[in-house]
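Have a look at query.pdb; it's PDB, C-alpha atoms:
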ATOM      1  CA  MET A   1     -11.861  55.028 -40.614
ATOM      2  CA  GLN A   2     -14.277  53.270 -43.000
ATOM      3  CA  SER A   3     -11.543  52.639 -45.586
ATOM      4  CA  GLN A   4      -9.349  51.187 -42.812
ATOM      5  CA  ASP A   5     -12.263  48.956 -41.759
ATOM      6  CA  THR A   6     -12.783  47.848 -45.347
ATOM      7  CA  GLU A   7      -9.138  46.825 -45.542
ATOM      8  CA  LEU A   8      -9.365  45.101 -42.134
ATOM      9  CA  LEU A   9     -12.408  43.154 -43.282
ATOM     10  CA  HIS A  10     -10.598  42.024 -46.394
ATOM     11  CA  LEU A  11      -7.670  40.803 -44.270
ATOM     12  CA  ILE A  12      -9.975  39.164 -41.709
ATOM     13  CA  ARG A  13     -11.782  37.277 -44.493
ATOM     14  CA  ALA A  14      -8.367  35.963 -45.529
ATOM     15  CA  GLY A  15      -7.736  34.728 -41.975
ATOM     16  CA  ASP A  16      -5.314  37.446 -40.838
ATOM     17  CA  GLN A  17      -5.332  37.260 -37.026
ATOM     18  CA  LYS A  18      -3.399  40.529 -36.618
ATOM     19  CA  ALA A  19      -6.088  42.353 -38.614
ATOM     20  CA  PHE A  20      -8.729  40.756 -36.406
ATOM     21  CA  GLU A  21      -6.873  41.975 -33.303
ATOM     22  CA  ARG A  22      -6.677  45.503 -34.746
ATOM     23  CA  CYS A  23     -10.420  45.386 -35.460
ATOM     24  CA  PHE A  24     -11.057  44.135 -31.937
ATOM     25  CA  ASN A  25      -8.924  46.882 -30.348
ATOM     26  CA  ARG A  26     -10.407  49.614 -32.536
ATOM     27  CA  HIS A  27     -14.076  48.833 -31.901
ATOM     28  CA  TRP A  28     -14.041  47.219 -28.442
ATOM     29  CA  PRO A  29     -14.526  50.447 -26.410
ATOM     30  CA  VAL A  30     -17.629  51.568 -28.324
ATOM     31  CA  LEU A  31     -19.157  48.096 -28.416
ATOM     32  CA  TYR A  32     -18.465  47.470 -24.746
ATOM     33  CA  ALA A  33     -19.929  50.853 -23.718
ATOM     34  CA  PHE A  34     -23.048  50.147 -25.779
ATOM     35  CA  ALA A  35     -23.520  46.665 -24.284
ATOM     36  CA  PHE A  36     -22.896  48.003 -20.777
ATOM     37  CA  LYS A  37     -25.467  50.750 -21.294
ATOM     38  CA  ILE A  38     -28.065  48.130 -22.194
ATOM     39  CA  LEU A  39     -27.124  45.454 -19.654
ATOM     40  CA  GLY A  40     -25.750  47.472 -16.733
ATOM     41  CA  ASN A  41     -23.213  44.772 -15.890
ATOM     42  CA  ALA A  42     -19.554  44.711 -16.896
ATOM     43  CA  ASP A  43     -19.252  40.927 -17.122
ATOM     44  CA  ASP A  44     -22.386  40.570 -19.231
ATOM     45  CA  ALA A  45     -21.269  43.417 -21.501
ATOM     46  CA  LYS A  46     -17.878  41.752 -21.999
ATOM     47  CA  ASP A  47     -19.549  38.411 -22.712
ATOM     48  CA  VAL A  48     -21.815  39.952 -25.330
ATOM     49  CA  VAL A  49     -18.999  41.751 -27.142
ATOM     50  CA  GLN A  50     -16.818  38.649 -27.051
ATOM     51  CA  LEU A  51     -19.673  36.605 -28.538
ATOM     52  CA  VAL A  52     -19.957  39.118 -31.355
ATOM     53  CA  TYR A  53     -16.238  38.893 -32.087
ATOM     54  CA  ILE A  54     -16.244  35.090 -31.868
ATOM     55  CA  SER A  55     -19.085  35.044 -34.377
ATOM     56  CA  LEU A  56     -17.266  37.522 -36.619
ATOM     57  CA  TRP A  57     -14.145  35.350 -36.659
ATOM     58  CA  SER A  58     -15.988  32.065 -37.129
ATOM     59  CA  ARG A  59     -17.959  33.487 -40.075
ATOM     60  CA  ARG A  60     -15.067  35.501 -41.521
ATOM     61  CA  GLU A  61     -14.955  33.691 -44.861
ATOM     62  CA  ARG A  62     -18.686  34.271 -45.475
ATOM     63  CA  LEU A  63     -18.868  37.886 -44.272
ATOM     64  CA  ASN A  64     -20.694  40.216 -46.613
ATOM     65  CA  ILE A  65     -20.956  43.464 -44.671
ATOM     66  CA  LYS A  66     -22.535  46.403 -46.465
ATOM     67  CA  GLY A  67     -21.879  49.777 -44.891
ATOM     68  CA  PRO A  68     -19.662  50.706 -41.951
ATOM     69  CA  LEU A  69     -18.186  47.850 -39.927
ATOM     70  CA  GLU A  70     -18.939  49.629 -36.649
ATOM     71  CA  SER A  71     -22.644  49.837 -37.536
ATOM     72  CA  TYR A  72     -22.669  46.118 -38.282
ATOM     73  CA  LEU A  73     -20.938  45.347 -34.989
ATOM     74  CA  LEU A  74     -23.320  47.607 -33.023
ATOM     75  CA  GLN A  75     -26.298  45.798 -34.546
ATOM     76  CA  ALA A  76     -24.752  42.477 -33.549
ATOM     77  CA  VAL A  77     -24.172  43.768 -29.991
ATOM     78  CA  ARG A  78     -27.776  44.991 -29.834
ATOM     79  CA  PHE A  79     -29.036  41.555 -30.901
ATOM     80  CA  GLN A  80     -26.791  39.680 -28.453
ATOM     81  CA  SER A  81     -27.756  42.100 -25.655
ATOM     82  CA  LEU A  82     -31.434  41.367 -26.274
ATOM     83  CA  LYS A  83     -30.721  37.647 -26.028
ATOM     84  CA  LYS A  84     -28.726  38.223 -22.825
ATOM     85  CA  LEU A  85     -31.534  40.321 -21.284
ATOM     86  CA  GLN A  86     -34.033  37.581 -21.997
ATOM     87  CA  GLU A  87     -31.684  35.027 -20.453
ATOM     88  CA  ILE A  88     -31.149  37.197 -17.345
ATOM     89  CA  MET A  89     -34.856  37.727 -16.816
ATOM     90  CA  ASN A  90     -35.489  34.013 -17.074
ATOM     91  CA  ARG A  91     -33.236  33.194 -14.103
ATOM     92  CA  PRO A  92     -34.812  33.513 -10.646
ATOM     93  CA  GLU A  93     -31.394  34.151  -9.090
ATOM     94  CA  GLU A  94     -31.126  37.373 -11.130
ATOM     95  CA  LEU A  95     -34.325  38.863  -9.676
ATOM     96  CA  ASP A  96     -32.464  41.299  -7.425
ATOM     97  CA  ARG A  97     -30.400  42.586 -10.335
ATOM     98  CA  VAL A  98     -33.463  42.949 -12.552
ATOM     99  CA  GLN A  99     -35.286  44.679  -9.696
ATOM    100  CA  GLU A 100     -32.424  47.085  -8.942
ATOM    101  CA  TYR A 101     -31.101  47.942 -12.390
ATOM    102  CA  ILE A 102     -33.201  46.872 -15.340
ATOM    103  CA  LEU A 103     -36.675  47.748 -14.105
ATOM    104  CA  PRO A 104     -35.823  51.274 -12.861
ATOM    105  CA  VAL A 105     -34.371  52.060 -16.286
ATOM    106  CA  LEU A 106     -37.498  50.592 -17.820
ATOM    107  CA  ASN A 107     -39.648  52.883 -15.628
ATOM    108  CA  SER A 108     -37.800  55.915 -16.901
ATOM    109  CA  ILE A 109     -38.262  54.832 -20.504
ATOM    110  CA  TRP A 110     -41.866  53.840 -19.848
ATOM    111  CA  GLU A 111     -42.668  57.344 -18.634
ATOM    112  CA  LYS A 112     -41.081  58.920 -21.715
ATOM    113  CA  MET A 113     -42.542  56.572 -24.293
ATOM    114  CA  GLU A 114     -45.908  55.420 -23.035
ATOM    115  CA  GLU A 115     -47.344  55.666 -26.529
ATOM    116  CA  ALA A 116     -44.782  53.335 -28.125
ATOM    117  CA  ASP A 117     -46.083  49.996 -29.365
ATOM    118  CA  VAL A 118     -43.779  47.958 -27.160
ATOM    119  CA  PHE A 119     -45.248  49.611 -24.065
ATOM    120  CA  ARG A 120     -48.836  49.137 -25.203
ATOM    121  CA  GLU A 121     -48.030  45.490 -25.790
ATOM    122  CA  MET A 122     -46.409  45.279 -22.356
ATOM    123  CA  GLU A 123     -49.511  46.800 -20.760
ATOM    124  CA  GLU A 124     -51.672  44.256 -22.593
ATOM    125  CA  GLN A 125     -49.444  41.412 -21.425
ATOM    126  CA  LEU A 126     -49.513  42.812 -17.882
ATOM    127  CA  ASN A 127     -53.315  42.691 -17.961
ATOM    128  CA  THR A 128     -53.209  38.952 -18.686
ATOM    129  CA  LEU A 129     -51.345  38.225 -15.437
ATOM    130  CA  PRO A 130     -53.182  36.939 -12.368
ATOM    131  CA  VAL A 131     -54.480  39.826 -10.258
ATOM    132  CA  LYS A 132     -52.061  39.280  -7.341
ATOM    133  CA  THR A 133     -49.049  38.926  -9.664
ATOM    134  CA  LYS A 134     -49.982  42.130 -11.476
ATOM    135  CA  GLU A 135     -50.525  43.973  -8.180
ATOM    136  CA  ILE A 136     -47.111  42.901  -6.894
ATOM    137  CA  PHE A 137     -45.421  43.897 -10.142
ATOM    138  CA  LEU A 138     -47.099  47.316 -10.136
ATOM    139  CA  LEU A 139     -46.235  47.920  -6.486
ATOM    140  CA  SER A 140     -42.650  47.151  -7.384
ATOM    141  CA  ARG A 141     -42.494  49.186 -10.596
ATOM    142  CA  ARG A 142     -44.956  52.029 -10.339
ATOM    143  CA  HIS A 143     -44.786  52.587  -6.589
ATOM    144  CA  HIS A 144     -41.100  51.661  -6.244
ATOM    145  CA  LEU A 145     -41.648  49.414  -3.228
ATOM    146  CA  SER A 146     -39.016  46.861  -2.257
ATOM    147  CA  ILE A 147     -39.767  43.174  -1.931
ATOM    148  CA  THR A 148     -39.849  43.566   1.856
ATOM    149  CA  GLU A 149     -42.252  46.516   1.664
ATOM    150  CA  ILE A 150     -44.570  44.669  -0.717
ATOM    151  CA  ALA A 151     -44.560  41.600   1.532
ATOM    152  CA  GLN A 152     -45.495  43.736   4.537
ATOM    153  CA  LYS A 153     -48.137  45.716   2.668
ATOM    154  CA  LEU A 154     -49.859  42.602   1.268
ATOM    155  CA  ASN A 155     -49.191  40.412   4.318
ATOM    156  CA  LEU A 156     -47.254  37.903   2.217
ATOM    157  CA  SER A 157     -43.893  36.231   2.673
ATOM    158  CA  GLU A 158     -40.929  37.748   0.851
ATOM    159  CA  LYS A 159     -40.495  34.420  -0.934
ATOM    160  CA  THR A 160     -44.055  34.651  -2.301
ATOM    161  CA  VAL A 161     -43.404  38.211  -3.497
ATOM    162  CA  ARG A 162     -40.140  37.118  -5.151
ATOM    163  CA  ASN A 163     -41.886  34.198  -6.857
ATOM    164  CA  GLN A 164     -44.710  36.410  -8.121
ATOM    165  CA  LEU A 165     -42.257  39.026  -9.396
ATOM    166  CA  HIS A 166     -40.316  36.287 -11.152
ATOM    167  CA  LEU A 167     -43.525  35.063 -12.825
ATOM    168  CA  ALA A 168     -44.362  38.602 -13.960
ATOM    169  CA  LEU A 169     -40.857  39.168 -15.303
ATOM    170  CA  LYS A 170     -40.930  35.856 -17.115
ATOM    171  CA  ALA A 171     -44.220  36.802 -18.778
ATOM    172  CA  LEU A 172     -42.940  40.272 -19.689
ATOM    173  CA  ARG A 173     -39.284  39.475 -20.455
ATOM    174  CA  HIS A 174     -39.496  39.927 -24.214
ATOM    175  CA  HIS A 175     -41.205  43.311 -23.898
ATOM    176  CA  ILE A 176     -38.796  44.438 -21.178
ATOM    177  CA  ALA A 177     -35.804  43.423 -23.267
ATOM    178  CA  MET A 178     -37.167  45.304 -26.276
ATOM    179  CA  ALA A 179     -37.794  48.370 -24.125
ATOM    180  CA  MET A 180     -34.253  48.250 -22.766
ATOM    181  CA  LEU A 181     -32.972  48.405 -26.316
ATOM    182  CA  LEU A 182     -34.854  51.673 -26.740
ATOM    183  CA  ILE A 183     -32.422  53.239 -24.253
ATOM    184  CA  GLU A 184     -30.126  53.903 -27.177
ATOM    185  CA  ILE A 185     -32.837  55.892 -28.927
ATOM    186  CA  ILE A 186     -33.848  58.160 -26.063
ATOM    187  CA  SER A 187     -30.536  58.543 -24.254
TER     188      SER A 187
END
Can the structure from this file be put into structure tokens for me?
Amino acid sequence: MQSQDTELLHLIRAGDQKAFERCFNRHWPVLYAFAFKILGNADDAKDVVQLVYISLWSRRERLNIKGPLESYLLQAVRFQSLKKLQEIMNRPEELDRVQEYILPVLNSIWEKMEEADVFREMEEQLNTLPVKTKEIFLLSRRHHLSITEIAQKLNLSEKTVRNQLHLALKALRHHIAMAMLLIEIIS
């Protein structure tokens, strides 16, 4: 497989579109599965993998890949997935998705890797949040309460809870994105 990839790379550098298509077809399933595992959304996973391939093609003449092509592509997918996670967590309209998919996965990882640096840093960042924002975030993450349940428990509007969760996620987005990338390591 590696010798085939070496030949494909040589042809891609020369501008061979058929070789690029073969590369795309060969590696797409693994790259897509990896991106989907990180992002939990088919459209986002497709976008990330397509960005990686667009970048590969646009930089084809300057490519200097050492080692297996698939490893290079997986690293590129990991990087683009991190960027996509940060983008997702920065959009208030994605709060439900973050709440339902990304944060539960984070909880699972958090429990398994509490000693990891990224989680210590996340805890430190969490401690810098305003008290009410931190309380809402912890009720959501550690106690697994829904937005409605938190609003009732704290006698707040659901909109206030959503806004506070968004603020917490915005403050923690880099650490959450890094933690999501650790899925690959512990899964």
Point-to-point distance from CA of Pro29 (chain A) to CA of Glu87 (chain A), Å rounded to tenths: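 Value for the CA of Pro29 (chain A)-CA of Glu87 (chain A) distance: 23.8 Å.
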Using all atoms listed in the file, which of A:Ala171, A:Leu51, A:Glu61, A:Lys18 sits nearest Phe79 (chain A)? A:Leu51
Can you work out the spacing between CA of Arg59 (chain A) and CA of Arg13 (chain A) in Å, to one decimal? 8.5 Å
Excluding Val48 (chain A) and its own-chain neighbours fewer than 5 positions away, which residues fall within 10 Å of it when counting only C-alpha atoms? Please give them as a PyMOL selection string. chain A and resi 31-32+35-36+39+42-43+53-54+76-84
Of the candidates A:Ile65, A:His27, A:Gln164, A:Asp44, which one gets nearest to Ile147 (chain A) if we count all atoms listed in the file?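 Closest to Ile147 (chain A), using all atoms listed in the file: A:Gln164.
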Residue contacts of Glu21 (chain A) (12 Å, only C-alpha atoms) excluding same-chain residues fewer than 3 positions away, as an NGL selection string: :A and (8-9 or 11-12 or 15-18 or 24-28 or 53-54 or 56-57)
Interatomic distance (Å, one decimal) between CA of Leu129 (chain A) and CA of Ala168 (chain A):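 So the answer is 7.1 Å.
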Once 4 Å is added on each side, what are the centre and the three edge lengths, in Å to one decimal, of the axis-aligned box enclosing the listed atoms of region 65-73 of chain A? Present them as AutoDock Vina command-line options.
--center_x -20.4 --center_y 47.1 --center_z -40.7 --size_x 12.5 --size_y 15.2 --size_z 19.5
Residue nearest Asp5 (chain A) - candidates A:Ala45, A:Leu69, A:Val161, A:Leu63, atoms counted: all atoms listed in the file: A:Leu69
Just so the selection is clear, what residues does the PyMOL selection byres ((chain A and resi 150) around 12) cover here, as a PyMOL selection string? chain A and resi 132-133+135-141+143-149+151-162+164-165
Give the answer as one residue: which of A:Ser58, A:Asn41, A:Gln50, A:Ser71 has the shortest atom-to-atom distance to Ala14 (chain A), using all atoms listed in the file?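 Ranked by minimum distance to Ala14 (chain A), first place goes to A:Ser58.
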